[in-house]
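Here the structure is laid out as structure tokens; the discussion comes afterwards.
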Amino acid sequence: MVDQRGLTQKDLYLSELCRQGDDCLVFINTLGRMGHLQRRFSGKRGLIFSHQGRLPAAEPLSIPLHLVLYDLPLESQKLRRLLHSLIVNNDLKVHLLYGAADWQNNLRLMTATIPSFSVLEQIFDILREMAVTKEGICVDKTLVRLQQCLSFSPTKSLLEKCLQIMEQAACLGPDNDKLKLQPVLGDDYCLMLKKMAGTEQYSRARQRWQESLHWQKLMLEAGVAEIITLLGEGARENLR
């Protein structure tokens, strides 16, 4: 394992690996960054990019000699699954290129994809402004409005999960393709928060936040030997 955490010239590092002629698999968190790097290294042979541990299906993949963690992985499961699929190569070398800046990037990414209390509060406030007592709110129009009004760029999946949490908490009443704020909760902010906190889906989201942040902190601060242990039995036997 090569510890280059905090490296600022990641692209130059990848270029040097390419010059060695070995196949490299590069772990990336976002499709936007993956597209940028694919354009940046267009024509480079042996350089394959993986979005959050997914292996490319459109082209045959030779067993790489190098796994480059360009970004700080958001959670352990995807990276462990990727490593498990690569452990047939006993000489796999893992390169740690992520750094402290990735922590802030990951927080923004998680905020846009995993429900949190602050996001639920923002959505509830916007819904109260949009609420039509009798007719309800069209789901598709609501999603468009929320994407325009929120203080960050959410994914449609996040918005749908947040609406499902509110529905579970009886803050919203479903009516086919319409959503309606329950009158009893319309002005009771504390009761709304309490009910949402008690839903199963919010509990899962909160646990995912906690586990993901704990994992990322370890990957940033732990020594190489501890990181190899964190990655599991396959990593201990096959990484160097």
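In the structure tokens, the first chain shown is A, the next is B, and so on; residue numbers restart at 1 for each chain, and ligands run from 1 in the order shown.
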Proximity check segment 104-150 of chain A to segment 158-162 of chain A, 10 Å, nearest pairs one decimal Å, only C-alpha atoms, as JSON lines:
```
{"residue": "A:Met110", "atom": "CA", "partner": "A:Leu158", "partner_atom": "CA", "distance": 9.7}
{"residue": "A:Thr111", "atom": "CA", "partner": "A:Leu158", "partner_atom": "CA", "distance": 8.7}
{"residue": "A:Ala112", "atom": "CA", "partner": "A:Leu158", "partner_atom": "CA", "distance": 6.6}
{"residue": "A:Thr113", "atom": "CA", "partner": "A:Leu158", "partner_atom": "CA", "distance": 5.0}
{"residue": "A:Ile114", "atom": "CA", "partner": "A:Leu158", "partner_atom": "CA", "distance": 6.0}
{"residue": "A:Pro115", "atom": "CA", "partner": "A:Cys162", "partner_atom": "CA", "distance": 6.0}
{"residue": "A:Ser116", "atom": "CA", "partner": "A:Cys162", "partner_atom": "CA", "distance": 8.4}
{"residue": "A:Phe117", "atom": "CA", "partner": "A:Cys162", "partner_atom": "CA", "distance": 9.6}
{"residue": "A:Val119", "atom": "CA", "partner": "A:Cys162", "partner_atom": "CA", "distance": 8.1}
{"residue": "A:Leu120", "atom": "CA", "partner": "A:Cys162", "partner_atom": "CA", "distance": 6.3}
{"residue": "A:Glu121", "atom": "CA", "partner": "A:Cys162", "partner_atom": "CA", "distance": 9.9}
{"residue": "A:Ile123", "atom": "CA", "partner": "A:Cys162", "partner_atom": "CA", "distance": 8.0}
{"residue": "A:Phe124", "atom": "CA", "partner": "A:Cys162", "partner_atom": "CA", "distance": 9.4}
{"residue": "A:Val139", "atom": "CA", "partner": "A:Glu160", "partner_atom": "CA", "distance": 9.1}
{"residue": "A:Thr142", "atom": "CA", "partner": "A:Leu159", "partner_atom": "CA", "distance": 9.3}
{"residue": "A:Leu143", "atom": "CA", "partner": "A:Leu159", "partner_atom": "CA", "distance": 6.7}
{"residue": "A:Val144", "atom": "CA", "partner": "A:Leu159", "partner_atom": "CA", "distance": 9.8}
{"residue": "A:Leu146", "atom": "CA", "partner": "A:Leu159", "partner_atom": "CA", "distance": 7.9}
{"residue": "A:Gln147", "atom": "CA", "partner": "A:Leu159", "partner_atom": "CA", "distance": 8.4}
```
Kindly export the residues of the current selection with N, CA, C and O atoms, as a CSV table (one decimal), in the first residue's frame.
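This is the output file selection_26.csv:
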```csv
chain,number,residue,atom,x,y,z
A,110,MET,N,-22.9,13.8,0.6
A,110,MET,CA,-23.8,13.1,1.4
A,110,MET,C,-25.1,14.0,1.7
A,110,MET,O,-26.2,13.4,1.8
A,111,THR,N,-24.9,15.3,1.9
A,111,THR,CA,-26.0,16.1,2.1
A,111,THR,C,-27.0,16.1,0.9
A,111,THR,O,-28.2,16.2,1.1
A,112,ALA,N,-26.5,15.9,-0.3
A,112,ALA,CA,-27.3,15.9,-1.5
A,112,ALA,C,-27.9,14.5,-1.7
A,112,ALA,O,-28.8,14.4,-2.6
A,113,THR,N,-27.5,13.5,-0.9
A,113,THR,CA,-28.0,12.2,-1.2
A,113,THR,C,-28.6,11.4,-0.1
A,113,THR,O,-29.4,10.5,-0.3
A,114,ILE,N,-28.3,11.8,1.2
A,114,ILE,CA,-28.8,11.1,2.4
A,114,ILE,C,-29.6,12.0,3.2
A,114,ILE,O,-29.2,13.1,3.6
A,115,PRO,N,-30.9,11.7,3.6
A,115,PRO,CA,-31.7,12.6,4.4
A,115,PRO,C,-31.1,13.0,5.7
A,115,PRO,O,-30.4,12.1,6.3
A,116,SER,N,-31.2,14.2,6.1
A,116,SER,CA,-30.8,14.7,7.4
A,116,SER,C,-31.8,15.6,7.9
A,116,SER,O,-32.7,16.1,7.2
A,117,PHE,N,-31.7,15.9,9.2
A,117,PHE,CA,-32.7,16.8,9.9
A,117,PHE,C,-32.7,18.2,9.2
A,117,PHE,O,-33.8,18.8,9.0
A,119,VAL,N,-32.1,19.1,6.2
A,119,VAL,CA,-32.7,19.1,4.9
A,119,VAL,C,-34.2,18.9,5.1
A,119,VAL,O,-35.0,19.5,4.4
A,120,LEU,N,-34.6,18.0,6.0
A,120,LEU,CA,-36.0,17.8,6.2
A,120,LEU,C,-36.7,19.1,6.7
A,120,LEU,O,-37.8,19.4,6.3
A,121,GLU,N,-36.0,19.9,7.5
A,121,GLU,CA,-36.6,21.1,8.0
A,121,GLU,C,-36.8,22.1,6.8
A,121,GLU,O,-37.8,22.7,6.7
A,123,ILE,N,-37.2,21.4,3.7
A,123,ILE,CA,-38.2,20.9,2.8
A,123,ILE,C,-39.6,21.1,3.4
A,123,ILE,O,-40.6,21.6,2.7
A,124,PHE,N,-39.7,20.9,4.7
A,124,PHE,CA,-41.0,21.1,5.4
A,124,PHE,C,-41.4,22.6,5.3
A,124,PHE,O,-42.6,22.9,5.0
A,139,VAL,N,-46.6,15.9,-7.0
A,139,VAL,CA,-45.3,15.4,-6.6
A,139,VAL,C,-44.2,15.9,-7.5
A,139,VAL,O,-43.2,16.4,-7.1
A,142,THR,N,-43.6,19.5,-7.1
A,142,THR,CA,-42.9,19.7,-5.8
A,142,THR,C,-41.4,19.5,-5.9
A,142,THR,O,-40.6,20.3,-5.4
A,143,LEU,N,-41.1,18.4,-6.5
A,143,LEU,CA,-39.6,18.1,-6.7
A,143,LEU,C,-38.9,19.2,-7.4
A,143,LEU,O,-37.8,19.6,-7.0
A,144,VAL,N,-39.5,19.7,-8.5
A,144,VAL,CA,-38.9,20.8,-9.2
A,144,VAL,C,-38.7,22.0,-8.4
A,144,VAL,O,-37.7,22.6,-8.4
A,146,LEU,N,-38.6,22.2,-5.1
A,146,LEU,CA,-37.6,22.0,-4.0
A,146,LEU,C,-36.2,22.1,-4.6
A,146,LEU,O,-35.3,22.7,-3.9
A,147,GLN,N,-35.9,21.6,-5.8
A,147,GLN,CA,-34.6,21.7,-6.4
A,147,GLN,C,-34.2,23.1,-6.6
A,147,GLN,O,-33.1,23.5,-6.6
```
Quiz item: Among segment 31-181 of chain A, which residues carry a DSSP assignment of alpha helix (DSSP H), reported as an MDAnalysis selection string?
Solution: chainID A and resid 31:40 76:86 100:111 117:130 139:149 156:168
Quiz item: How far is it from atom CA of His95 of chain A to atom CA of Asp23 of chain A, in Å with one decimal?
Solution: 13.2 Å
Quiz prompt | Pick from A:Leu37, A:Ala100, A:Met1, A:Leu12 nearest to Leu65 of chain A, counting only C-alpha atoms | solution = A:Met1
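Considering only C-alpha atoms, the residue among A:Ile126, A:Cys149, A:Leu107, A:Val2 positioned nearest to Leu69 of chain A is A:Val2.
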Exercise. Pick out the closest residue to Gln168 of chain A from this set: A:Tyr98, A:Tyr70, A:Tyr202, A:Phe41. Count only C-alpha atoms.
Key: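 Of the candidates, the smallest distance to Gln168 of chain A is held by A:Tyr202.
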Quiz item: Any idea what the distance is between atom CA of Leu17 of chain A and atom CA of Met34 of chain A?
Solution: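 About the pair atom CA of Leu17 of chain A and atom CA of Met34 of chain A: they are 17.4 Å apart.
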Practice problem: Just the strand (DSSP E or B) stuff from segment 9-231 of chain A, please, per backbone DSSP, written as an MDAnalysis selection string. | Solution: chainID A and resid 24:28 47:51 66:69 93:96 137:138 172:175 178:181
Exercise. Could you tell me how far atom CA of Ser212 of chain A lies from atom CA of Gly53 of chain A, in Å and to one decimal?
Key: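 If I compute the distance from atom CA of Ser212 of chain A to atom CA of Gly53 of chain A, I get 15.3 Å.
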Self-check item: Of the listed residues A:Ala101, A:Leu150, A:Ile165, A:Met130, that which approaches Ala205 of chain A most closely, counting only C-alpha atoms
Solution: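 Comparing A:Ala101, A:Leu150, A:Ile165, A:Met130 against Ala205 of chain A, the winner is A:Ile165.
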